[in-house]
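Encoded as structure tokens, the structure appears first; notes follow it.
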Amino acid sequence: MVWWLAFPLSWLLGVAVQLSEPVLRVPQVYRGALWIVLGMGVVLWQWPRLGRVSIWQRWMWCPVIALMAWSSTGWRAQDLATQIWPRDWDEVPVRVRVTGLPQHLSGGTWRFDAHLLQAPEPPAGTRLPELIRLYADAQTGMATVAAGQVWDLRVRLHEPDGLSNPGGFDATRPVFEQGIRATGSVRHRAAVPLMVSEPGWAHPGLIDRFRQRVREAIQARVDDGRAAGVLVGLSVGDQSAIERADWDIFRRTGVAHAVSISGTHIAMLGWLVAFGVRRVWPRWQRGVHVVPAPTAARLLAVAVSALYALVAGWGVPAQRTVLMMAVMAVLHVSGRRWPWPLVWVSAAACITVLDPWALWQPGFWLSFVAVAILMSSEPEEGTLAGPGTPNWRARVQGAAREMLRTQWRVTLALAPLALVCFQEVSLVGVLANLVAIPVFTLGITPLALLGVVCAPLWDVGALLVQLTTVVLTHMAAWPWAVWQAPALPGWAQVLAVGAGSLAIQPVHWRCRVVVLSCLLPVLCLPQGWQMVPPPRAGQFSVMAVDIGQGTAVLLRTARHTLLFDTGARLPTGVDMGERVLLPLLRTLGVRELDTLMISHADTDHVGGALSVLAGVTVHELRSTLEDAHPVRQWPLPRRRGVVPHVPCVAGQHWTWEGVRFDVLHPTLTDIEQRDRQTSNALSCVLRVTTTGPDARSVLLTGDIEAAQERALLARWAAPALSGEAPMSLRSTVLLAPHHGSQTSSTQAFLTAVQPVQTVVQVGRRNRYGHPAPAVLARYRSLGIPVITTPECGAYLWRSDERPGAPSSLATGQCWRDLSPRYWDLSTPATEPVMP
């Protein structure tokens with residue numbers, strides 16, 4: 001068995017090595033490696049004919065298989081990377097065929113994937129993408145979009161891009177995995193979108209059209225949108241239909257696997273099919289003589305489960321379950337028996353043959369680890385009553401004990417893996433799953449599926465969803481429902497996952513103590529081992545988050561944390577506080593904010609504040625927001641009143657661990673004359689500096705414009721009226737005012753600040769044209785280096801950094817350089833401006 005296990009493990013190793021590479025190699029390297037694999041394979045295949053077969057000849061297949069996995073994965077990645085949309089094309093006419101399941105977003109916007117059928121002739125040497133992703137708002141006139149339709153459109157496309165932050169969701173990997181090499185929007189001013197044809201019954205998009213009709217039928221039948229979303233997710237696998245508030249509840253209670261199409265649901269359907277076939281098939285005399293009832297039951301169970309998996313979107317858990325069911329069915333028909341580790345590893349290798357990038361999905365590891373635990377565990381002696389036991393109570397009690405034991409084993413083993421993947425784990429998961437698994441598996445999921453033929457069953461399913469959600473919401477509100485931990489280093493991740501798996505095995509208590517001690521980094525990770533450790537006393541660190549078009553800067557001292565702005569809230573309802581900042585704070589191990597400073601009321605600065613307030617404890621709020629603003633009215637958890645608020649007024653200052661914080665703008669007069677001021681004019685300006693002769697500082701400017709820059713020069717470039725020493729505006733790092741707008745960054749202001757490095761927080765291809773070319777030219781003329789967050793990702797700088805640190809910048813580091821990925825092929829919004 002060890003020898004046969006080595007083959008799929010070698011394949012997985014080769015795929016993992018290729019996915020870990022920061023850049024792709026030239027195509028000749030991958031083609032050459034495949035030729036080497038072919039030659040070595042021929043030699044090893046013919047080796048037995050030359051003489052006696054040695055054990056080394058068998059083991060030589062392992063590097064050959066690993067090299068095949070590495071080269072084939074790289075070749076496929078290189079093929080996708082060569083598909084490029086020309087940058088100078090704008091609103092070009094194309095003909096596309098809709099594929100997949102279109103998503104109906106808020107505001108009447110459609111998001112759908114499409115095969116590119118016709119397009120203008122590309123420039124020489126350019127290969128157009130085969131698959132694109134489009135957004136069509138209500139103004140385009142595309143009221144309904146369905147799989148298989150052919151449309152003539154005018155589109156504005158660009159290569160896929162995503163944000164790059166520590167612990168953030170890698171948005172470029174899923175689209176690269178799906179083969180989507182261009183994204184953009186449908187334009188309607190030059191030409192109205194025209195549907196050319198509807199698909200026929202034999203079109204490949206038939207399954208997706210069926211999924212869409214089921215989704216629309218559920219949404220039309222069930223009035224409660226939240227319950228309808230859960231039923232849609234369980235019936236056709238459309239996870240986007242489930243509202244984010246519900247996902248938060250399911251995540252905090254550890255039952256998200258029960259709400260998605262998991263292996264449990266598919267296995268349950270297969271068991272029901274097999275159960276029915278074994279009782280009906282023997283009545284068909286001709287069929288029994290051709291195929292025995294047990295064989296027919298297994299084959300039909302696999303076929304129906306595969307069909308359900310296709311209708312549900314063919315996710316990793318579905319693939320894993322269908323593959324394992326198919327392997328077990330084939331083994332049974334052939335009269336063979338494989339040990340479970342071989343079936344388990346072979347299924348994992350088969351999935352990566354179909355989709356190599358699935359290896360980097362958290363769901364891949366969570367799914368396979370859970371299955372390994374279930375397959376390796378056997379009922380303890382005495383936990384189950386024998387089938388001949390007349391006492392039905394003993395059977396029920398035995399089944400309940402075994403269910404509780406299995407759930408506890410799975411929860412304990414998956415807890416370290418969940419912390420590694422998501423930096424949090426539900427502490428109420430065991431209790432919540434005891435409620436959710438039976439209800440969802442035996443109640444809601446069958447009702448969601450049977451509702452396709454009997455629509456009133458959806459009403460019963462919606463009622464069960466509502467009742468279950470009420471119970472789970474109550475559990476999620478418990479203060480100790482979730483345990484969070486910072487991101488672990490790589491060696492600690494492997495150690496923690498291995499310890500979690502060994503902790504459930506029947507070993508001596510001394511061995512168990514040693515195993516559990518390996519989980520200590522999860523419970524108490526030393527600061528020096530964190531992904532981005534906090535600075536030492538007397539110093540501070542700055543992280544300008546890659547937040548899109550908006551501002552969010554995380555400032556940390558040895559024991560305090562300040563968040564300056566929270567990014568934007570998108571028209572789709574998603575805000576950057578929930579999408580970017582909360583995962584970032586979990587990754588860094590930040591569970592509370594000493595101060596949340598909101599510079600002003602523009603949505604690209606305050607849009608994510610409510611999510612941040614809901615996700616972490618905030619001790620103090622500083623802003624220029626009005627009293628009635630929702631952020632000002634956020635209640636304290638489990639206490640009366642709202643979060644303490646301090647108006648942001650020039651002259652305020654405080655010190656944390658020897659680091660001085662000074663508020664430079666606005667003045668009290670500016671706030672009192674709010675009605676006469678623009679929102680940008682009330683932006684808080686914060687300067688953070690170390691003490692001592694070699695002081696280093698950062699200047700955060702919000703959206704101030706030329707008038708406010710002149711006021712800062714008049715107020716702080718000369719001695720203060722109070723008799724204090726003059727404060728120099730000179731700073732080591734400058735966050736460019738107003739995202740590099742042409743209404744700010746005056747020459748006099750830049751001359752006074754004289755930054756060593758300037759950071760511009762903008763969105764890629766933003767509609768405002770930030771940063772303005774004239775402003776970039778001004779920085780260049782003064783010899784000030786400029787970096788934008790689209791090209792840099794999150795910008796990291798420590799005040800104790802000294803010249804000579806490995807970085808492509810004048811000072812600081814870019815997260816895209818620290819954590820490169822070859823599938824993140826986005827071009828920067830602007831080229832770096834260096835002196």
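By convention in this document, the chains of the structure tokens carry letters A, B, ... by their order, each chain's residues are numbered from 1, and ligands are numbered from 1 in the order they are shown.
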
Alpha helix (DSSP H) call set, DSSP backbone run, stretch 376-548 of chain A, as JSON, numbers by chain:
{"A": [376, 392, 393, 394, 395, 396, 397, 398, 399, 400, 401, 402, 403, 404, 405, 406, 407, 408, 409, 410, 411, 412, 413, 414, 415, 416, 417, 418, 419, 420, 421, 422, 429, 430, 431, 432, 433, 434, 435, 436, 437, 438, 439, 445, 446, 447, 448, 449, 450, 456, 457, 458, 459, 460, 461, 462, 463, 464, 465, 466, 467, 468, 469, 470, 471, 472, 473, 474, 475, 476, 490, 491, 492, 493, 494, 495, 496, 497, 498, 499, 500, 501, 502, 509, 510, 511, 512, 513, 514, 515, 516, 517, 520, 521, 522, 523]}

At a cut-off of 9 Å, using only C-alpha atoms, what residues contact stretch 341-358 of chain A? Leave out same-chain residues fewer than 3 positions from it and give the result as a ChimeraX atom specification.
/A:1-2,4-5,7-9,11-12,15-16,19,69,73,173-174,176-178,316,319-321,323-324,327-328,338,361-364,368,371-372,375-376

Please produce an output containing N, CA, C and O atoms for each residue in the selection, written as a short mmCIF file (atom, residue, chain, number, x, y, z; two decimals), in the first residue's frame.
data_model
loop_
_atom_site.label_atom_id
_atom_site.label_comp_id
_atom_site.auth_asym_id
_atom_site.auth_seq_id
_atom_site.Cartn_x
_atom_site.Cartn_y
_atom_site.Cartn_z
N MET A 1 0.83 -1.21 0.00
CA MET A 1 0.00 0.00 0.00
C MET A 1 0.86 1.26 0.00
O MET A 1 0.53 2.26 -0.63
N VAL A 2 2.01 1.20 0.71
CA VAL A 2 2.89 2.37 0.76
C VAL A 2 3.37 2.73 -0.64
O VAL A 2 3.43 3.91 -1.01
N TRP A 4 1.88 2.08 -3.56
CA TRP A 4 0.81 2.67 -4.36
C TRP A 4 0.42 4.06 -3.86
O TRP A 4 0.01 4.92 -4.64
N LEU A 5 0.52 4.29 -2.56
CA LEU A 5 0.25 5.64 -2.04
C LEU A 5 1.26 6.65 -2.55
O LEU A 5 0.95 7.85 -2.68
N PHE A 7 2.44 7.09 -5.44
CA PHE A 7 2.14 7.64 -6.76
C PHE A 7 1.25 8.88 -6.68
O PHE A 7 1.62 9.94 -7.19
N PRO A 8 0.06 8.81 -6.08
CA PRO A 8 -0.76 10.04 -5.98
C PRO A 8 -0.11 11.11 -5.12
O PRO A 8 -0.28 12.30 -5.39
N LEU A 9 0.64 10.71 -4.09
CA LEU A 9 1.33 11.71 -3.28
C LEU A 9 2.39 12.44 -4.09
O LEU A 9 2.60 13.65 -3.91
N TRP A 11 2.22 13.02 -7.28
CA TRP A 11 1.48 13.96 -8.14
C TRP A 11 1.11 15.23 -7.36
O TRP A 11 1.30 16.35 -7.83
N LEU A 12 0.57 15.06 -6.15
CA LEU A 12 0.19 16.22 -5.34
C LEU A 12 1.40 17.08 -5.01
O LEU A 12 1.30 18.32 -4.99
N VAL A 15 2.27 19.22 -8.09
CA VAL A 15 1.31 20.33 -8.26
C VAL A 15 1.59 21.42 -7.23
O VAL A 15 1.59 22.62 -7.55
N ALA A 16 1.83 21.03 -5.98
CA ALA A 16 2.07 22.02 -4.92
C ALA A 16 3.32 22.83 -5.20
O ALA A 16 3.35 24.05 -4.96
N LEU A 19 2.46 25.43 -7.91
CA LEU A 19 1.60 26.51 -7.42
C LEU A 19 2.34 27.45 -6.48
O LEU A 19 1.91 28.59 -6.29
N ALA A 69 3.41 16.20 -13.03
CA ALA A 69 2.44 17.11 -12.41
C ALA A 69 2.92 18.55 -12.49
O ALA A 69 2.15 19.47 -12.81
N THR A 73 0.96 21.20 -15.05
CA THR A 73 0.30 22.34 -14.41
C THR A 73 0.88 23.65 -14.91
O THR A 73 0.15 24.61 -15.18
N ARG A 173 -6.86 34.34 -8.00
CA ARG A 173 -6.70 32.90 -8.19
C ARG A 173 -7.98 32.23 -8.68
O ARG A 173 -7.93 31.41 -9.62
N PRO A 174 -9.17 32.53 -8.10
CA PRO A 174 -10.38 31.86 -8.60
C PRO A 174 -10.67 32.14 -10.07
O PRO A 174 -11.06 31.22 -10.80
N PHE A 176 -8.46 32.98 -12.37
CA PHE A 176 -7.44 32.29 -13.15
C PHE A 176 -7.75 30.80 -13.22
O PHE A 176 -7.59 30.16 -14.27
N GLU A 177 -8.21 30.25 -12.12
CA GLU A 177 -8.57 28.83 -12.06
C GLU A 177 -9.70 28.51 -13.02
O GLU A 177 -9.72 27.45 -13.66
N GLN A 178 -10.65 29.43 -13.17
CA GLN A 178 -11.79 29.22 -14.06
C GLN A 178 -11.47 29.55 -15.51
O GLN A 178 -12.31 29.34 -16.38
N VAL A 316 -15.55 21.36 -5.10
CA VAL A 316 -14.56 20.39 -4.63
C VAL A 316 -15.18 19.32 -3.75
O VAL A 316 -14.91 18.13 -3.94
N GLN A 319 -17.00 16.95 -6.06
CA GLN A 319 -16.07 16.14 -6.84
C GLN A 319 -15.49 15.02 -5.99
O GLN A 319 -15.40 13.86 -6.43
N ARG A 320 -15.05 15.37 -4.80
CA ARG A 320 -14.44 14.37 -3.92
C ARG A 320 -15.40 13.24 -3.61
O ARG A 320 -15.05 12.05 -3.69
N THR A 321 -16.65 13.57 -3.30
CA THR A 321 -17.62 12.53 -2.94
C THR A 321 -17.94 11.64 -4.12
O THR A 321 -17.99 10.41 -3.99
N LEU A 323 -16.12 11.06 -6.80
CA LEU A 323 -14.96 10.24 -7.16
C LEU A 323 -14.81 9.06 -6.21
O LEU A 323 -14.55 7.93 -6.63
N MET A 324 -14.97 9.32 -4.92
CA MET A 324 -14.84 8.22 -3.96
C MET A 324 -15.95 7.19 -4.13
O MET A 324 -15.71 5.98 -4.05
N VAL A 327 -15.06 5.15 -7.24
CA VAL A 327 -13.97 4.20 -6.99
C VAL A 327 -14.47 3.00 -6.18
O VAL A 327 -14.19 1.84 -6.50
N MET A 328 -15.24 3.27 -5.13
CA MET A 328 -15.75 2.18 -4.30
C MET A 328 -16.70 1.29 -5.09
O MET A 328 -16.70 0.06 -4.92
N TRP A 338 -9.75 -1.83 -1.66
CA TRP A 338 -8.60 -0.96 -1.39
C TRP A 338 -8.70 -0.42 0.03
O TRP A 338 -9.81 -0.13 0.51
N GLN A 361 -7.31 25.78 -2.40
CA GLN A 361 -8.59 26.16 -1.82
C GLN A 361 -8.70 25.64 -0.39
O GLN A 361 -8.42 24.47 -0.14
N PRO A 362 -9.09 26.49 0.57
CA PRO A 362 -9.30 25.97 1.93
C PRO A 362 -10.31 24.84 1.98
O PRO A 362 -10.17 23.89 2.76
N GLY A 363 -11.37 24.92 1.14
CA GLY A 363 -12.37 23.86 1.13
C GLY A 363 -11.80 22.51 0.74
O GLY A 363 -12.32 21.47 1.17
N PHE A 364 -10.76 22.50 -0.09
CA PHE A 364 -10.13 21.25 -0.47
C PHE A 364 -9.59 20.53 0.76
O PHE A 364 -9.85 19.35 0.98
N PHE A 368 -11.20 17.14 2.63
CA PHE A 368 -10.48 15.87 2.64
C PHE A 368 -10.03 15.47 4.04
O PHE A 368 -9.99 14.28 4.36
N VAL A 371 -13.08 13.96 5.73
CA VAL A 371 -13.37 12.62 5.23
C VAL A 371 -12.36 11.61 5.76
O VAL A 371 -12.71 10.47 6.10
N ALA A 372 -11.09 11.99 5.85
CA ALA A 372 -10.08 11.08 6.38
C ALA A 372 -10.39 10.69 7.81
O ALA A 372 -10.21 9.53 8.21
N MET A 375 -13.36 8.27 7.72
CA MET A 375 -13.02 6.97 7.18
C MET A 375 -12.10 6.18 8.10
O MET A 375 -12.12 4.95 8.11
N SER A 376 -11.28 6.88 8.87
CA SER A 376 -10.34 6.19 9.74
C SER A 376 -10.92 5.83 11.10
O SER A 376 -10.33 5.03 11.83
#

If you run DSSP over the backbone, which residues in stretch 519-719 of chain A end up strand (DSSP E)? Put them as JSON, numbers by chain.
{"A": [541, 542, 543, 544, 553, 554, 555, 556, 561, 562, 563, 564, 592, 593, 595, 596, 597, 598, 617, 618, 621, 622, 623, 645, 646, 647, 653, 654, 655, 656, 659, 660, 661, 662, 663, 664, 665, 685, 686, 687, 688, 689, 690, 697, 698, 699, 700]}

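Distances here use only C-alpha atoms; by that measure, the residue among A:Gly573, A:Pro416, A:Gly538, A:Pro27 closest to A:Thr655 is A:Gly538.
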
Env of A:Leu153: 8 Å cut, atoms = only C-alpha atoms, seq-sep filter 2 positions within chain, self excluded. Answer as JSON, numbers by chain.
{"A": [93, 94, 95, 96, 151, 155, 186, 187, 191, 192, 193, 194]}

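Neighbouring residues of A:Ser517 at 10 Å or closer, counting only C-alpha atoms and skipping chain neighbours under 5 positions away, are A:Ala496, A:Ala499, A:Cys511, A:Arg512.
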
Please report as CSV every residue of stretch 290-331 of chain A lying within 9 Å of stretch 195-210 of chain A, along with the nearest atom pair and their distance in Å (one decimal), using only C-alpha atoms.
residue,atom,partner,partner_atom,distance
A:Leu310,CA,A:Ile207,CA,7.7
A:Val311,CA,A:Ile207,CA,6.3
A:Gly313,CA,A:Asp208,CA,8.6

Would you write out those residues with N, CA and C atoms, as a compact mmCIF listing (two decimals), in the first residue's frame?
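Saved the output as result-v6.txt:
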# COMPACT_ATOMS: atom_id res chain seq x y z
N LEU A 310 -23.32 17.94 -10.58
CA LEU A 310 -23.24 18.85 -11.73
C LEU A 310 -24.26 19.98 -11.59
N VAL A 311 -25.48 19.65 -11.19
CA VAL A 311 -26.51 20.67 -11.00
C VAL A 311 -26.12 21.63 -9.88
N GLY A 313 -23.16 22.69 -9.20
CA GLY A 313 -22.00 23.51 -9.49
C GLY A 313 -20.68 22.78 -9.53

Residue contacts of A:Gly567 (9 Å, only C-alpha atoms) excluding same-chain residues fewer than 6 positions away, as an MDAnalysis selection string:
chainID A and resid 547:552 575:577 580:581 603:609

Rounded to one decimal place, report the atom CA of A:Leu523-atom CA of A:Ala485 distance in Å.
7.1 Å
